[in-house]
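Here the structure comes first, spelled out in structure tokens, and everything after it is commentary.
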There are 2 protein chains.
Amino acid sequence: MPELRRDPIVGRWVIIATERAKRPSDVQRPLDHVPSGLCPFCPGQEDKTPHEVYAAGRPAAGPVDGPGWKVRVIPNRYPALMIEGDLEREANGIYDRMNGVGAHEVIVETADHTKDLAALSDAEVTEVLFAFKARILDLRNDQRFRYILLFKNHGQAAGATLEHAHSQLIALPVTPRQVQEEIEGARRHFDHRERCIFCDIVMQERKDRSRLVLENEEFVVFAPWAPRSPFETWVVPKRHESNFEAEPKERLAYCAQALRSTLRRLGAALGDPAYNFILHSNPLRDPASPSYHWHIEVMPALTHVAGFEWGSGFHINPVPPEEAAEFLRLVVT
Amino acid sequence: MPELRRDPIVGRWVIIATERAKRPSDVQRPLDHVPSGLCPFCPGQEDKTPHEVYAAGRPAAGPVDGPGWKVRVIPNRYPALMIEGDLEREANGIYDRMNGVGAHEVIVETADHTKDLAALSDAEVTEVLFAFKARILDLRNDQRFRYILLFKNHGQAAGATLEHAHSQLIALPVTPRQVQEEIEGARRHFDHRERCIFCDIVMQERKDRSRLVLENEEFVVFAPWAPRSPFETWVVPKRHESNFEAEPKERLAYCAQALRSTLRRLGAALGDPAYNFILHSNPLRDPASPSYHWHIEVMPALTHVAGFEWGSGFHINPVPPEEAAEFLRLVVT
């Protein structure tokens, strides 16, 4: 059983996931590599994965775990957390632990093995985002979970171990520290000014335009003022909304258009870089918030995160966001 | 002039260091690679570097910027921050910025191009640590600086771009967020219990022994309870001390022995892995603290930091610290 352990000094939770590596020396290799041609995410290979928990696009008569789907969600075969069991929070001297209870799922974004998310149509990306929403709505019924991390690792340098386009979700019994800090920072701003800081940022970026990459009716894409790494890019809804899963499908379609255009521009500008994106949304058990505002953070994996950056939270970024944004505005996709 | 920018939501400062890359696409290449054989850190090549700010081991009559030294500290030729200028803190709408004023220095750890820090003698590593202390004591006289980050990137995967053994320091006009959070977490523990949390941890680790790697009279080395990555290892003084630079040379010798043995064990256990270490110490302008406790965090760069970990502060570690510590205890160096 994996374990969740809390750092006693800063309160950061870490998953100690022993099932993912056999021996300490194994950590240097990809953990779930399969030979090409035997891709478990391809149609016709559904029996190579755990039973699906969601599928979209399959004809009504199509069998569960059969082909015909356009988006398919399955439990991760090598989960970082286990779906069954109680948390059993307990102390070990001055330390805290609990059982590594949670869900770890894979969202297969397309049936086409050759297509990246950026190569899909707006309608297809909308179905992927709708799958995210459907999984959150289902998993939030499990009262053990407090937060769902939704993210994508694209390319080996970004941590991907299978090529077939997919994203992942991890449902957690705790709220990740960095999300918590964002929520608290936004609340301080709200207490002081009675305005959402993300709404303020959206307003300033749309007015200033130097860091703006693109916008449509409902979403704005920009390079943030203090990006941690080159070409960090945020996709933010213009209208205030704390919870991603509260968005109707019509607005997810605008998000899909903005996200897909962002990924295409990054791909064209930087030559198909490895990248990660992560969805930041309000915790599951919190009421809808006037101060927090969901968004997607996209981070190309261009530079190694040096240890000093990781160990200090202090980042050096050689590319000003104004230059990155101009590059992404002008690039031909 | 580089710029320091503050994220308005969480308060993280980022250096936007435009001098380090010419064009956005340059970020994918090492920034200061030199052909082998022309190593600027070797004796006889002193004119290839900026003028030294510290040297140890050179015979009394030896000229500054000449050979004969054992440890040499020089300004970084491609500094992330500039030593000259005023901070000029100012607002840009809801955002904050200041000039990128600071020091960025390289500590060349040995004159021998072929030797890694782990291959030096205890006495030689002591001289390196003493150089750290000497530079902190000098730079703290500059009232613009609030914190000095001392760190080492070893191997390309850890961000090193030159082979010759060296570490770096960055003197900053702000305290890095993660250090600040550690200080605040330690203060909360102290307010509650009137004990230093690091002293508590040292006591529990020495008693428990399952995460202990080694100890000598003055220092203890262990895998922390909630490590962010496989084989994360901390070197902590047994006696309470908030400030690294307050340690007398006799105690730095014990630290050198513990650090060098740790690096040798990591090298033997994992096959000379890339690694980073970072020194966490009390900020320059704060009084000596009863609640904070300086230490060194060593992190082998075995796995990519996936974007979701970076974007959430939530880490998955496949190696329990008890297994890592046992491995490091038993390995033959």
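We name chains A, B, ... following the order of the structure tokens; residues begin at 1 in each chain, and ligands are numbered from 1 as shown.
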Segment 248-316 of chain B: residues DSSP assigns to helix (DSSP H, G or I), reported as a compact mmCIF listing (two decimals) with N, CA and C atoms, in the first residue's frame:
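Just written: states_30.txt:
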# COMPACT_ATOMS: atom_id res chain seq x y z
N LYS B 249 35.61 26.61 12.18
CA LYS B 249 36.21 25.69 11.20
C LYS B 249 36.25 24.25 11.70
N GLU B 250 36.44 24.07 13.02
CA GLU B 250 36.49 22.69 13.56
C GLU B 250 35.19 21.95 13.27
N ARG B 251 34.06 22.66 13.38
CA ARG B 251 32.79 21.98 13.12
C ARG B 251 32.56 21.82 11.61
N LEU B 252 33.06 22.78 10.83
CA LEU B 252 32.95 22.62 9.36
C LEU B 252 33.71 21.36 8.91
N ALA B 253 34.79 21.01 9.63
CA ALA B 253 35.53 19.80 9.28
C ALA B 253 34.65 18.56 9.46
N TYR B 254 33.84 18.55 10.51
CA TYR B 254 32.91 17.42 10.70
C TYR B 254 31.84 17.42 9.62
N CYS B 255 31.39 18.61 9.25
CA CYS B 255 30.40 18.71 8.18
C CYS B 255 30.99 18.19 6.88
N ALA B 256 32.26 18.57 6.61
CA ALA B 256 32.93 18.12 5.39
C ALA B 256 33.01 16.59 5.35
N GLN B 257 33.35 16.01 6.49
CA GLN B 257 33.45 14.54 6.53
C GLN B 257 32.09 13.91 6.23
N ALA B 258 31.04 14.45 6.82
CA ALA B 258 29.70 13.89 6.63
C ALA B 258 29.23 14.08 5.19
N LEU B 259 29.47 15.27 4.64
CA LEU B 259 29.02 15.56 3.27
C LEU B 259 29.77 14.70 2.26
N ARG B 260 31.07 14.62 2.45
CA ARG B 260 31.89 13.86 1.50
C ARG B 260 31.52 12.37 1.54
N SER B 261 31.32 11.85 2.72
CA SER B 261 30.92 10.44 2.83
C SER B 261 29.55 10.22 2.19
N THR B 262 28.64 11.18 2.36
CA THR B 262 27.32 11.09 1.74
C THR B 262 27.43 11.05 0.22
N LEU B 263 28.24 11.95 -0.33
CA LEU B 263 28.39 12.01 -1.80
C LEU B 263 29.05 10.75 -2.33
N ARG B 264 30.03 10.23 -1.58
CA ARG B 264 30.68 8.98 -2.00
C ARG B 264 29.71 7.82 -2.00
N ARG B 265 28.87 7.78 -0.96
CA ARG B 265 27.90 6.68 -0.87
C ARG B 265 26.87 6.79 -2.00
N LEU B 266 26.39 8.00 -2.26
CA LEU B 266 25.44 8.18 -3.37
C LEU B 266 26.08 7.78 -4.69
N GLY B 267 27.36 8.17 -4.86
CA GLY B 267 28.06 7.82 -6.09
C GLY B 267 28.21 6.32 -6.27
N ALA B 268 28.55 5.64 -5.18
CA ALA B 268 28.75 4.18 -5.25
C ALA B 268 27.41 3.46 -5.41
N ALA B 269 26.37 3.96 -4.73
CA ALA B 269 25.08 3.27 -4.76
C ALA B 269 24.38 3.44 -6.10
N LEU B 270 24.54 4.61 -6.71
CA LEU B 270 23.73 4.94 -7.88
C LEU B 270 24.55 5.14 -9.15
N GLY B 307 5.97 17.82 -14.67
CA GLY B 307 5.33 19.13 -14.55
C GLY B 307 4.25 19.15 -13.50
N PHE B 308 3.57 18.03 -13.32
CA PHE B 308 2.49 18.08 -12.34
C PHE B 308 3.07 18.24 -10.94
N GLU B 309 4.27 17.71 -10.72
CA GLU B 309 4.90 17.86 -9.40
C GLU B 309 5.34 19.31 -9.20
N TRP B 310 5.83 19.87 -10.27
CA TRP B 310 6.31 21.23 -10.23
C TRP B 310 5.14 22.20 -10.09
N GLY B 311 4.04 21.86 -10.74
CA GLY B 311 2.90 22.75 -10.75
C GLY B 311 1.94 22.56 -9.59
N SER B 312 2.20 21.57 -8.78
CA SER B 312 1.29 21.31 -7.66
C SER B 312 2.01 21.29 -6.32
Please determine the contact residues of chain A with respect to chain B at a cut-off of 7 Å, counting only C-alpha atoms, and supply them as a PDB file with N, CA and C atoms, in the first residue's frame.
ATOM      1  N   ARG A   5       2.914  10.844   3.208  1.00  0.00           N
ATOM      2  CA  ARG A   5       3.676  11.335   4.352  1.00  0.00           C
ATOM      3  C   ARG A   5       3.767  12.848   4.297  1.00  0.00           C
ATOM      4  N   ARG A   6       3.691  13.438   5.463  1.00  0.00           N
ATOM      5  CA  ARG A   6       3.694  14.895   5.570  1.00  0.00           C
ATOM      6  C   ARG A   6       5.047  15.366   6.078  1.00  0.00           C
ATOM      7  N   ASP A   7       5.657  16.298   5.364  1.00  0.00           N
ATOM      8  CA  ASP A   7       6.878  16.920   5.853  1.00  0.00           C
ATOM      9  C   ASP A   7       6.521  17.744   7.087  1.00  0.00           C
ATOM     10  N   ILE A   9       8.007  20.105   8.631  1.00  0.00           N
ATOM     11  CA  ILE A   9       8.425  21.510   8.695  1.00  0.00           C
ATOM     12  C   ILE A   9       7.494  22.389   7.860  1.00  0.00           C
ATOM     13  N   VAL A  10       7.347  22.058   6.586  1.00  0.00           N
ATOM     14  CA  VAL A  10       6.536  22.919   5.710  1.00  0.00           C
ATOM     15  C   VAL A  10       5.141  22.367   5.436  1.00  0.00           C
ATOM     16  N   TRP A  13       2.805  17.248   1.520  1.00  0.00           N
ATOM     17  CA  TRP A  13       2.544  15.811   1.483  1.00  0.00           C
ATOM     18  C   TRP A  13       3.266  15.187   0.297  1.00  0.00           C
ATOM     19  N   VAL A  14       3.804  13.988   0.511  1.00  0.00           N
ATOM     20  CA  VAL A  14       4.510  13.255  -0.535  1.00  0.00           C
ATOM     21  C   VAL A  14       3.921  11.855  -0.607  1.00  0.00           C
ATOM     22  N   ILE A  15       3.726  11.345  -1.819  1.00  0.00           N
ATOM     23  CA  ILE A  15       3.318   9.940  -1.973  1.00  0.00           C
ATOM     24  C   ILE A  15       4.572   9.084  -2.022  1.00  0.00           C
ATOM     25  N   ILE A  16       4.669   8.137  -1.106  1.00  0.00           N
ATOM     26  CA  ILE A  16       5.735   7.134  -1.180  1.00  0.00           C
ATOM     27  C   ILE A  16       5.097   5.920  -1.858  1.00  0.00           C
ATOM     28  N   ALA A  17       5.384   5.770  -3.164  1.00  0.00           N
ATOM     29  CA  ALA A  17       4.650   4.814  -3.999  1.00  0.00           C
ATOM     30  C   ALA A  17       5.536   3.637  -4.348  1.00  0.00           C
ATOM     31  N   THR A  18       5.688   2.738  -3.419  1.00  0.00           N
ATOM     32  CA  THR A  18       6.651   1.642  -3.588  1.00  0.00           C
ATOM     33  C   THR A  18       6.301   0.707  -4.726  1.00  0.00           C
ATOM     34  N   ARG A  20       5.650   1.361  -7.671  1.00  0.00           N
ATOM     35  CA  ARG A  20       6.069   1.838  -8.987  1.00  0.00           C
ATOM     36  C   ARG A  20       7.512   1.492  -9.325  1.00  0.00           C
ATOM     37  N   ALA A  21       8.292   1.065  -8.383  1.00  0.00           N
ATOM     38  CA  ALA A  21       9.676   0.686  -8.670  1.00  0.00           C
ATOM     39  C   ALA A  21      10.010  -0.552  -7.856  1.00  0.00           C
ATOM     40  N   PRO A  24      15.651   0.275  -5.675  1.00  0.00           N
ATOM     41  CA  PRO A  24      16.070   1.681  -5.757  1.00  0.00           C
ATOM     42  C   PRO A  24      16.713   2.027  -7.097  1.00  0.00           C
ATOM     43  N   SER A  25      17.484   1.120  -7.674  1.00  0.00           N
ATOM     44  CA  SER A  25      18.186   1.455  -8.913  1.00  0.00           C
ATOM     45  C   SER A  25      17.238   1.543 -10.112  1.00  0.00           C
ATOM     46  N   VAL A  27      14.750   3.404 -10.465  1.00  0.00           N
ATOM     47  CA  VAL A  27      14.161   4.719 -10.674  1.00  0.00           C
ATOM     48  C   VAL A  27      14.763   5.433 -11.867  1.00  0.00           C
ATOM     49  N   GLN A  28      15.915   4.968 -12.331  1.00  0.00           N
ATOM     50  CA  GLN A  28      16.539   5.659 -13.456  1.00  0.00           C
ATOM     51  C   GLN A  28      15.907   5.301 -14.797  1.00  0.00           C
ATOM     52  N   PHE A 151      -3.591  16.607 -15.141  1.00  0.00           N
ATOM     53  CA  PHE A 151      -2.366  17.093 -15.770  1.00  0.00           C
ATOM     54  C   PHE A 151      -2.011  16.247 -16.975  1.00  0.00           C
ATOM     55  N   ASN A 153       1.529  15.050 -19.216  1.00  0.00           N
ATOM     56  CA  ASN A 153       2.967  15.010 -19.491  1.00  0.00           C
ATOM     57  C   ASN A 153       3.123  14.641 -20.962  1.00  0.00           C
ATOM     58  N   ALA A 157      10.931  14.186 -21.831  1.00  0.00           N
ATOM     59  CA  ALA A 157      11.536  15.164 -20.915  1.00  0.00           C
ATOM     60  C   ALA A 157      10.508  15.745 -19.950  1.00  0.00           C
ATOM     61  N   ALA A 158       9.218  15.570 -20.271  1.00  0.00           N
ATOM     62  CA  ALA A 158       8.163  16.050 -19.380  1.00  0.00           C
ATOM     63  C   ALA A 158       7.586  14.918 -18.535  1.00  0.00           C
ATOM     64  N   GLY A 159       8.192  13.733 -18.632  1.00  0.00           N
ATOM     65  CA  GLY A 159       7.781  12.639 -17.758  1.00  0.00           C
ATOM     66  C   GLY A 159       6.865  11.611 -18.409  1.00  0.00           C
ATOM     67  N   PRO A 176      -3.071  19.737  -2.595  1.00  0.00           N
ATOM     68  CA  PRO A 176      -1.631  19.991  -2.772  1.00  0.00           C
ATOM     69  C   PRO A 176      -1.274  21.377  -2.266  1.00  0.00           C
ATOM     70  N   ARG A 177      -0.109  21.441  -1.664  1.00  0.00           N
ATOM     71  CA  ARG A 177       0.390  22.630  -1.020  1.00  0.00           C
ATOM     72  C   ARG A 177       0.406  23.862  -1.920  1.00  0.00           C
ATOM     73  N   GLN A 178       0.826  23.686  -3.157  1.00  0.00           N
ATOM     74  CA  GLN A 178       0.981  24.843  -4.026  1.00  0.00           C
ATOM     75  C   GLN A 178      -0.384  25.405  -4.436  1.00  0.00           C
ATOM     76  N   VAL A 179      -1.356  24.517  -4.607  1.00  0.00           N
ATOM     77  CA  VAL A 179      -2.721  24.957  -4.897  1.00  0.00           C
ATOM     78  C   VAL A 179      -3.269  25.681  -3.666  1.00  0.00           C
ATOM     79  N   GLU A 181      -1.629  27.273  -1.425  1.00  0.00           N
ATOM     80  CA  GLU A 181      -0.991  28.586  -1.305  1.00  0.00           C
ATOM     81  C   GLU A 181      -1.577  29.592  -2.278  1.00  0.00           C
ATOM     82  N   GLU A 182      -1.909  29.099  -3.473  1.00  0.00           N
ATOM     83  CA  GLU A 182      -2.549  29.969  -4.463  1.00  0.00           C
ATOM     84  C   GLU A 182      -3.909  30.428  -3.943  1.00  0.00           C
ATOM     85  N   GLY A 185      -3.317  32.973  -1.184  1.00  0.00           N
ATOM     86  CA  GLY A 185      -2.872  34.252  -1.746  1.00  0.00           C
ATOM     87  C   GLY A 185      -4.040  35.005  -2.369  1.00  0.00           C
ATOM     88  N   ALA A 186      -4.887  34.259  -3.102  1.00  0.00           N
ATOM     89  CA  ALA A 186      -6.049  34.887  -3.745  1.00  0.00           C
ATOM     90  C   ALA A 186      -7.032  35.395  -2.692  1.00  0.00           C
ATOM     91  N   TRP A 225       3.249  37.262 -15.618  1.00  0.00           N
ATOM     92  CA  TRP A 225       4.209  38.318 -15.238  1.00  0.00           C
ATOM     93  C   TRP A 225       5.526  37.751 -14.718  1.00  0.00           C
ATOM     94  N   ALA A 226       5.478  36.715 -13.875  1.00  0.00           N
ATOM     95  CA  ALA A 226       6.685  36.148 -13.250  1.00  0.00           C
ATOM     96  C   ALA A 226       6.766  34.649 -13.549  1.00  0.00           C
ATOM     97  N   ARG A 228       8.009  30.932 -14.131  1.00  0.00           N
ATOM     98  CA  ARG A 228       9.091  30.142 -13.553  1.00  0.00           C
ATOM     99  C   ARG A 228      10.046  29.623 -14.605  1.00  0.00           C
ATOM    100  N   LEU A 270       8.696  26.212 -30.906  1.00  0.00           N
ATOM    101  CA  LEU A 270       9.814  25.569 -30.212  1.00  0.00           C
ATOM    102  C   LEU A 270      10.144  24.189 -30.780  1.00  0.00           C
ATOM    103  N   ASN A 276       4.256  20.118 -20.061  1.00  0.00           N
ATOM    104  CA  ASN A 276       3.262  19.678 -19.098  1.00  0.00           C
ATOM    105  C   ASN A 276       2.174  20.726 -19.042  1.00  0.00           C
ATOM    106  N   PHE A 277       0.949  20.296 -18.827  1.00  0.00           N
ATOM    107  CA  PHE A 277      -0.014  21.278 -18.357  1.00  0.00           C
ATOM    108  C   PHE A 277      -0.705  20.741 -17.121  1.00  0.00           C
ATOM    109  N   ILE A 278      -1.204  21.637 -16.311  1.00  0.00           N
ATOM    110  CA  ILE A 278      -1.839  21.254 -15.056  1.00  0.00           C
ATOM    111  C   ILE A 278      -3.044  22.156 -14.849  1.00  0.00           C
ATOM    112  N   LEU A 302      11.749  22.919 -21.362  1.00  0.00           N
ATOM    113  CA  LEU A 302      12.900  23.296 -22.189  1.00  0.00           C
ATOM    114  C   LEU A 302      14.200  23.209 -21.423  1.00  0.00           C
ATOM    115  N   THR A 303      14.158  23.577 -20.171  1.00  0.00           N
ATOM    116  CA  THR A 303      15.375  23.606 -19.367  1.00  0.00           C
ATOM    117  C   THR A 303      15.216  22.608 -18.221  1.00  0.00           C
ATOM    118  N   HIS A 304      16.318  22.031 -17.789  1.00  0.00           N
ATOM    119  CA  HIS A 304      16.276  21.244 -16.570  1.00  0.00           C
ATOM    120  C   HIS A 304      15.915  22.168 -15.413  1.00  0.00           C
ATOM    121  N   ALA A 306      16.997  23.091 -12.255  1.00  0.00           N
ATOM    122  CA  ALA A 306      18.194  22.843 -11.461  1.00  0.00           C
ATOM    123  C   ALA A 306      17.788  22.691 -10.003  1.00  0.00           C
ATOM    124  N   GLY A 307      18.592  21.939  -9.297  1.00  0.00           N
ATOM    125  CA  GLY A 307      18.279  21.632  -7.910  1.00  0.00           C
ATOM    126  C   GLY A 307      18.123  22.858  -7.041  1.00  0.00           C
ATOM    127  N   PHE A 308      18.878  23.885  -7.357  1.00  0.00           N
ATOM    128  CA  PHE A 308      18.781  25.058  -6.483  1.00  0.00           C
ATOM    129  C   PHE A 308      17.412  25.698  -6.645  1.00  0.00           C
ATOM    130  N   GLY A 311      15.093  23.443  -4.732  1.00  0.00           N
ATOM    131  CA  GLY A 311      15.327  23.456  -3.293  1.00  0.00           C
ATOM    132  C   GLY A 311      15.121  24.814  -2.646  1.00  0.00           C
ATOM    133  N   SER A 312      14.857  25.813  -3.475  1.00  0.00           N
ATOM    134  CA  SER A 312      14.700  27.158  -2.917  1.00  0.00           C
ATOM    135  C   SER A 312      13.375  27.798  -3.307  1.00  0.00           C
ATOM    136  N   GLY A 313      12.730  27.240  -4.349  1.00  0.00           N
ATOM    137  CA  GLY A 313      11.537  27.904  -4.862  1.00  0.00           C
ATOM    138  C   GLY A 313      11.874  29.194  -5.586  1.00  0.00           C
ATOM    139  N   PHE A 314      13.145  29.376  -5.888  1.00  0.00           N
ATOM    140  CA  PHE A 314      13.604  30.591  -6.549  1.00  0.00           C
ATOM    141  C   PHE A 314      14.020  30.228  -7.974  1.00  0.00           C
ATOM    142  N   HIS A 315      13.400  30.851  -8.963  1.00  0.00           N
ATOM    143  CA  HIS A 315      13.628  30.443 -10.344  1.00  0.00           C
ATOM    144  C   HIS A 315      14.340  31.515 -11.154  1.00  0.00           C
ATOM    145  N   ILE A 316      15.197  31.065 -12.070  1.00  0.00           N
ATOM    146  CA  ILE A 316      15.858  31.958 -13.022  1.00  0.00           C
ATOM    147  C   ILE A 316      15.308  31.631 -14.393  1.00  0.00           C
ATOM    148  N   ASN A 317      14.776  32.621 -15.070  1.00  0.00           N
ATOM    149  CA  ASN A 317      14.151  32.416 -16.372  1.00  0.00           C
ATOM    150  C   ASN A 317      14.832  33.319 -17.399  1.00  0.00           C
ATOM    151  N   PRO A 318      15.492  32.723 -18.383  1.00  0.00           N
ATOM    152  CA  PRO A 318      16.239  33.548 -19.345  1.00  0.00           C
ATOM    153  C   PRO A 318      15.376  34.225 -20.404  1.00  0.00           C
ATOM    154  N   VAL A 319      14.082  33.907 -20.450  1.00  0.00           N
ATOM    155  CA  VAL A 319      13.224  34.493 -21.503  1.00  0.00           C
ATOM    156  C   VAL A 319      12.129  35.362 -20.877  1.00  0.00           C
ATOM    157  N   PRO A 320      12.179  36.670 -21.081  1.00  0.00           N
ATOM    158  CA  PRO A 320      11.109  37.533 -20.554  1.00  0.00           C
ATOM    159  C   PRO A 320       9.759  37.117 -21.140  1.00  0.00           C
ATOM    160  N   ALA A 324       8.447  35.966 -25.045  1.00  0.00           N
ATOM    161  CA  ALA A 324       7.801  34.678 -25.321  1.00  0.00           C
ATOM    162  C   ALA A 324       6.423  34.900 -25.929  1.00  0.00           C
TER     163      ALA A 324
END
Could you tell me, as a VMD selection string, which residues of segment 40-165 of chain A DSSP assigns to strand (DSSP E or B) when given the backbone? chain A and resid 54 to 56 71 to 75 82 90 to 92 95 to 99 101 103 to 108 147 to 154
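Excluding Tyr292 of chain A itself and any same-chain residue fewer than 2 positions from it, the protein and nucleic acid residues within 7 Å of it, counting only C-alpha atoms, are Ile183, Ala186, Cys196, Ser242, Asn282, Ser289, Pro290 and Trp294 of chain A.
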Just to confirm, what's the straight-line distance from atom CA of Lys70 of chain A to atom CA of Arg58 of chain A in Å (one decimal)?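 Answer for the atom CA of Lys70 of chain A to atom CA of Arg58 of chain A separation: 6.8 Å.
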